[in-house]
Amino acid sequence: MTYSVIVPVYNRPDEVSELLESLDRQTMKDFEVIIVEDGSAVPCGDVCKKYADRLDIHYYNKQNSGPGQSRNYGAERASGAFLLILDSDVVLPDGYMEAVDRELFGDSADENHAQRVASCDAFGGPDSVHESFSPIQKAISYSMTSFFTTGGIRGGKTRLDKFFPRSFNMGIRREVYLELGGFSSMRFGEDIDFSYRIVEAGYKTRLFSTAWVWHKRRADYRKFWRQVYNSGIARINLEKRHPGTMKLVHMLPAAFTIGVVMLLVLSFTGRLMMVYGPGPDPLHRWYWLCAAPLIPLLLYSLLIVIDAGIRYRSLGIGLRSVVAAFVQLMGYGCGFLYAWWQRCVLGKDEFHAFDKTFYK
């Protein structure tokens with residue numbers, strides 16, 4: 001067995017059904033599927049049974065412990081030489097497994113075959129948006145991948161020594177996974193922590209640009225806020241675990257959040273002075289203090305509308321992307337600033353938020 005596909009699941013039977021359907025359509029079949037139910041109230045066992053005669057599928061149901069520990073649970077029971085870690089909310093194009101195999105092994109007749117195989121211990125692929133995704137899902141995907149929301153900046157490193165696989169589409173040699181102990185007990189940011197440990201241990205990582213997936217991400221802005229808020233917290237926790245890994249780009253959402261708040265405060269102050277300010281003509285005197293701070297926000301929103309609208313050929317998605325962009329940047333920024341205050345100023349221990357309501 002070459003590959004073991006490991007998928008942690010929490011209350012997502014519909015998503016699992018779509019993922020298993022896409023696995024069943026793969027052109028290469030040398031893999032097993034390990035589904036780890038993480039204490040779900042709505043299990044997917046019946047869904048898995050439907051594919052028992054079509055896939056080499058193994059279903060496990062355990063107490064809730066988070067995605068990282070559930071992946072470890074599956075890895076301990078895997079038999080493949082390579083572990084493929086996927087999130088339950090991804091769907092695979094028909095040639096995904098073949099693309100991974102080609103990236104890893106190439107042509108066995110190639111004189112560089114052995115070198116190619118030895119040059120990769122862990123890898124990951126990008127994500128894309130399926131045409132069937134909802135407008136909000138497309139808007140959220142835009143905000144997570146656009147250069148104008150720092151997504152494109154943070155995800156743009158493709159150099160061998162700088163690529164850090166993410167758990168929605170990640171692969172690793174089984175022996176490397178087990179040697180490093182798999183994912184840590186971190187509830188959020190655990191995949192970045194694992195990637196840091198892979199690189200710090202001297203193992204080689206690569207981006208497999210042809211092994212991409214369709215990634216649904218969150219289905220509404222409230223869930224998206226909780227996700228990015230926890231990501232902001234996780235960035236501070238990661239810096240504490242891996243000093244020196246925080247870059248300027250990680251701080252940009254916090255700076256954006258502070259800037260937005262300051263501009264809104266200035267605008268509100270101008271509005272108050274228009275109504276209550278001194279002088280015979282307060283409306284004329286304070287108008288620009290009310291209006292001018294809003295201009296940068298309007299220009300940024302217009303940029304998002306145009307860029308996202310062109311990408312998806314939809315004004316509606318462009319407008320929704322403005323909301324998604326502000327949620328992404330300010331949610332991350334708020335989590336980052338709160339964690340910075342708690343951990344760096346007050347000296348408190350590692351923490352996270354929205355444990356019980358993260359998926360609601």
# chains A, B, ... in the order shown; residues from 1 in each chain; ligands from 1

call {"tool": "select_by_dssp", "arguments": {"residues": "range 199-336 of chain A", "states": "helix (DSSP H, G or I)", "output": "VMD selection string"}}
result
chain A and resid 199 to 200 221 to 241 248 to 276 282 to 291 294 to 312 315 to 336

call {"tool": "closest_atom_pairs", "arguments": {"of": "range 43-146 of chain A", "to": "range 10-29 of chain A", "cutoff": "6 Å", "atoms": "only C-alpha atoms", "output": "tab-separated table"}}
result
residue	atom	partner	partner_atom	distance
A:Cys44	CA	A:Pro13	CA	4.5
A:Ser88	CA	A:Val16	CA	5.7
A:Asp89	CA	A:Glu15	CA	5.5
A:Val91	CA	A:Leu19	CA	5.0
A:Leu92	CA	A:Ser22	CA	5.4
A:Asp94	CA	A:Gln26	CA	4.8
A:Gly95	CA	A:Gln26	CA	5.9
A:Glu98	CA	A:Met28	CA	5.6

call {"tool": "write_last_selection", "arguments": {"atoms": "N, CA and C atoms", "output": "mmCIF file, in the first residue's frame"}}
result
data_model
loop_
_atom_site.group_PDB
_atom_site.id
_atom_site.type_symbol
_atom_site.label_atom_id
_atom_site.label_comp_id
_atom_site.auth_asym_id
_atom_site.auth_seq_id
_atom_site.Cartn_x
_atom_site.Cartn_y
_atom_site.Cartn_z
ATOM 1 N N CYS A 44 -20.821 9.898 10.615
ATOM 2 C CA CYS A 44 -20.854 9.606 9.177
ATOM 3 C C CYS A 44 -20.637 8.122 8.908
ATOM 4 N N SER A 88 -12.181 17.316 5.847
ATOM 5 C CA SER A 88 -13.435 16.737 5.361
ATOM 6 C C SER A 88 -14.155 17.645 4.372
ATOM 7 N N ASP A 89 -13.796 18.936 4.348
ATOM 8 C CA ASP A 89 -14.494 19.876 3.462
ATOM 9 C C ASP A 89 -13.780 20.087 2.129
ATOM 10 N N VAL A 91 -12.883 18.459 -1.819
ATOM 11 C CA VAL A 91 -13.293 17.535 -2.873
ATOM 12 C C VAL A 91 -12.126 17.435 -3.852
ATOM 13 N N LEU A 92 -11.836 16.212 -4.306
ATOM 14 C CA LEU A 92 -10.662 15.979 -5.139
ATOM 15 C C LEU A 92 -11.031 15.901 -6.619
ATOM 16 N N ASP A 94 -10.524 14.337 -10.342
ATOM 17 C CA ASP A 94 -10.351 12.911 -10.642
ATOM 18 C C ASP A 94 -8.887 12.480 -10.681
ATOM 19 N N GLY A 95 -7.977 13.360 -11.069
ATOM 20 C CA GLY A 95 -6.572 12.977 -11.210
ATOM 21 C C GLY A 95 -5.699 13.345 -10.023
ATOM 22 N N GLU A 98 -3.224 10.542 -8.886
ATOM 23 C CA GLU A 98 -2.234 10.363 -9.945
ATOM 24 C C GLU A 98 -1.238 11.520 -9.968
#

call {"tool": "closest_residue", "arguments": {"among": "A:Gly335, A:Gly171, A:Pro43, A:Gly270", "to": "Val5 in chain A", "atoms": "only C-alpha atoms"}}
result
A:Gly171

call {"tool": "residues_around", "arguments": {"residues": "Ser40 in chain A", "least_positions_apart": "4", "cutoff": "12 Å", "atoms": "only C-alpha atoms", "output": "PDB file with N, CA and C atoms, in the first residue's frame"}}
result
ATOM      1  N   PRO A   8      -9.958  13.504   9.472  1.00  0.00           N
ATOM      2  CA  PRO A   8     -10.701  13.691  10.718  1.00  0.00           C
ATOM      3  C   PRO A   8     -12.051  14.343  10.418  1.00  0.00           C
ATOM      4  N   VAL A   9     -13.082  13.933  11.141  1.00  0.00           N
ATOM      5  CA  VAL A   9     -14.435  14.412  10.847  1.00  0.00           C
ATOM      6  C   VAL A   9     -15.135  14.813  12.141  1.00  0.00           C
ATOM      7  N   TYR A  10     -15.830  15.932  12.072  1.00  0.00           N
ATOM      8  CA  TYR A  10     -16.650  16.348  13.207  1.00  0.00           C
ATOM      9  C   TYR A  10     -17.981  16.904  12.681  1.00  0.00           C
ATOM     10  N   ASN A  11     -19.042  16.102  12.815  1.00  0.00           N
ATOM     11  CA  ASN A  11     -20.395  16.509  12.419  1.00  0.00           C
ATOM     12  C   ASN A  11     -20.476  16.947  10.958  1.00  0.00           C
ATOM     13  N   ARG A  12     -19.870  16.170  10.052  1.00  0.00           N
ATOM     14  CA  ARG A  12     -19.860  16.569   8.648  1.00  0.00           C
ATOM     15  C   ARG A  12     -20.163  15.375   7.724  1.00  0.00           C
ATOM     16  N   PRO A  13     -21.282  14.662   7.904  1.00  0.00           N
ATOM     17  CA  PRO A  13     -21.552  13.506   7.029  1.00  0.00           C
ATOM     18  C   PRO A  13     -21.730  13.888   5.563  1.00  0.00           C
ATOM     19  N   VAL A  36     -11.715   9.190  10.650  1.00  0.00           N
ATOM     20  CA  VAL A  36     -11.683   9.212  12.114  1.00  0.00           C
ATOM     21  C   VAL A  36     -12.763  10.176  12.596  1.00  0.00           C
ATOM     22  N   CYS A  44     -20.821   9.898  10.615  1.00  0.00           N
ATOM     23  CA  CYS A  44     -20.854   9.606   9.177  1.00  0.00           C
ATOM     24  C   CYS A  44     -20.637   8.122   8.908  1.00  0.00           C
ATOM     25  N   GLY A  45     -20.864   7.272   9.917  1.00  0.00           N
ATOM     26  CA  GLY A  45     -20.645   5.838   9.750  1.00  0.00           C
ATOM     27  C   GLY A  45     -21.468   5.236   8.628  1.00  0.00           C
ATOM     28  N   TYR A  60     -13.363   4.799  12.083  1.00  0.00           N
ATOM     29  CA  TYR A  60     -13.152   4.742  13.522  1.00  0.00           C
ATOM     30  C   TYR A  60     -13.929   5.877  14.192  1.00  0.00           C
ATOM     31  N   ASN A  61     -14.514   5.569  15.328  1.00  0.00           N
ATOM     32  CA  ASN A  61     -15.252   6.564  16.112  1.00  0.00           C
ATOM     33  C   ASN A  61     -14.607   6.671  17.488  1.00  0.00           C
ATOM     34  N   LYS A  62     -14.163   7.853  17.858  1.00  0.00           N
ATOM     35  CA  LYS A  62     -13.458   8.064  19.125  1.00  0.00           C
ATOM     36  C   LYS A  62     -13.994   9.291  19.845  1.00  0.00           C
ATOM     37  N   GLN A  63     -13.570   9.467  21.069  1.00  0.00           N
ATOM     38  CA  GLN A  63     -13.956  10.658  21.822  1.00  0.00           C
ATOM     39  C   GLN A  63     -13.312  11.894  21.220  1.00  0.00           C
ATOM     40  N   ASN A  64     -13.988  13.030  21.384  1.00  0.00           N
ATOM     41  CA  ASN A  64     -13.511  14.273  20.801  1.00  0.00           C
ATOM     42  C   ASN A  64     -12.182  14.698  21.417  1.00  0.00           C
ATOM     43  N   SER A  65     -11.227  15.026  20.540  1.00  0.00           N
ATOM     44  CA  SER A  65      -9.921  15.499  21.007  1.00  0.00           C
ATOM     45  C   SER A  65      -9.315  16.527  20.061  1.00  0.00           C
ATOM     46  N   GLY A  66     -10.072  16.921  19.029  1.00  0.00           N
ATOM     47  CA  GLY A  66      -9.550  17.888  18.068  1.00  0.00           C
ATOM     48  C   GLY A  66      -8.973  17.206  16.841  1.00  0.00           C
ATOM     49  N   PRO A  67      -8.807  17.957  15.750  1.00  0.00           N
ATOM     50  CA  PRO A  67      -8.362  17.356  14.482  1.00  0.00           C
ATOM     51  C   PRO A  67      -6.953  16.785  14.519  1.00  0.00           C
ATOM     52  N   SER A  70      -6.879  13.453  16.214  1.00  0.00           N
ATOM     53  CA  SER A  70      -7.623  12.495  15.393  1.00  0.00           C
ATOM     54  C   SER A  70      -6.773  12.040  14.209  1.00  0.00           C
ATOM     55  N   TYR A 359     -17.722  25.275  15.149  1.00  0.00           N
ATOM     56  CA  TYR A 359     -18.358  24.807  13.915  1.00  0.00           C
ATOM     57  C   TYR A 359     -19.822  25.205  13.793  1.00  0.00           C
TER      58      TYR A 359
END

call {"tool": "closest_residue", "arguments": {"among": "A:Pro293, A:Gly232, A:Gly318, A:Gly151", "to": "Gly331 in chain A", "atoms": "only C-alpha atoms"}}
result
A:Gly232

call {"tool": "residues_around", "arguments": {"residues": "range 183-187 of chain A", "least_positions_apart": "3", "cutoff": "8 Å", "atoms": "only C-alpha atoms", "output": "NGL selection string"}}
result
:A and (66-69 or 71-72 or 190-191 or 193-194 or 352)

call {"tool": "residues_around", "arguments": {"residues": "Ala308 in chain A", "least_positions_apart": "2", "cutoff": "7 Å", "atoms": "only C-alpha atoms", "output": "ChimeraX atom specification"}}
result
/A:142,304-306,310-312,317-318,321

call {"tool": "select_by_dssp", "arguments": {"residues": "range 179-360 of chain A", "states": "strand (DSSP E or B)", "output": "PyMOL selection string"}}
result
chain A and resi 205-207+213-215

call {"tool": "write_last_selection", "arguments": {"atoms": "N, CA, C and O atoms", "output": "PDB file, in the first residue's frame"}}
result
ATOM      1  N   THR A 205      10.645  19.536   2.259  1.00  0.00           N
ATOM      2  CA  THR A 205       9.249  19.732   1.885  1.00  0.00           C
ATOM      3  C   THR A 205       9.170  20.308   0.475  1.00  0.00           C
ATOM      4  O   THR A 205      10.091  20.976   0.011  1.00  0.00           O
ATOM      5  N   ARG A 206       8.047  20.045  -0.170  1.00  0.00           N
ATOM      6  CA  ARG A 206       7.837  20.560  -1.518  1.00  0.00           C
ATOM      7  C   ARG A 206       6.380  20.934  -1.730  1.00  0.00           C
ATOM      8  O   ARG A 206       5.486  20.353  -1.100  1.00  0.00           O
ATOM      9  N   LEU A 207       6.158  21.902  -2.594  1.00  0.00           N
ATOM     10  CA  LEU A 207       4.824  22.236  -3.060  1.00  0.00           C
ATOM     11  C   LEU A 207       4.526  21.431  -4.310  1.00  0.00           C
ATOM     12  O   LEU A 207       5.272  21.488  -5.285  1.00  0.00           O
ATOM     13  N   VAL A 213      -6.786  20.723  -4.661  1.00  0.00           N
ATOM     14  CA  VAL A 213      -8.109  20.259  -4.234  1.00  0.00           C
ATOM     15  C   VAL A 213      -9.097  21.418  -4.301  1.00  0.00           C
ATOM     16  O   VAL A 213      -8.710  22.589  -4.304  1.00  0.00           O
ATOM     17  N   TRP A 214     -10.366  21.085  -4.349  1.00  0.00           N
ATOM     18  CA  TRP A 214     -11.412  22.081  -4.140  1.00  0.00           C
ATOM     19  C   TRP A 214     -11.674  22.158  -2.644  1.00  0.00           C
ATOM     20  O   TRP A 214     -11.961  21.153  -1.998  1.00  0.00           O
ATOM     21  N   HIS A 215     -11.563  23.352  -2.071  1.00  0.00           N
ATOM     22  CA  HIS A 215     -11.669  23.526  -0.626  1.00  0.00           C
ATOM     23  C   HIS A 215     -12.849  24.441  -0.315  1.00  0.00           C
ATOM     24  O   HIS A 215     -12.847  25.607  -0.689  1.00  0.00           O
TER      25      HIS A 215
END

call {"tool": "residues_around", "arguments": {"residues": "Phe351 in chain A", "least_positions_apart": "6", "cutoff": "10 Å", "atoms": "only C-alpha atoms", "output": "list in words"}}
result
Met186, Arg187, Phe188, Asn230, Ile233, Ala234, Ile236, Asn237, Ala339, Gln342 and Arg343 of chain A

call {"tool": "atom_distance", "arguments": {"atom1": "CA of Asp56 in chain A", "atom2": "CA of Val33 in chain A"}}
result
6.1 Å

call {"tool": "closest_residue", "arguments": {"among": "A:Arg235, A:Val199, A:Ala81, A:Ala52", "to": "Ser4 in chain A", "atoms": "only C-alpha atoms"}}
result
A:Ala81

call {"tool": "atom_distance", "arguments": {"atom1": "CA of Ser141 in chain A", "atom2": "CA of Gly316 in chain A"}}
result
14.4 Å

call {"tool": "atom_distance", "arguments": {"atom1": "CA of Ala353 in chain A", "atom2": "CA of Trp341 in chain A"}}
result
14.7 Å

call {"tool": "closest_residue", "arguments": {"among": "A:Ile198, A:Val129, A:Ile136, A:Cys48", "to": "Val323 in chain A", "atoms": "only C-alpha atoms"}}
result
A:Ile136
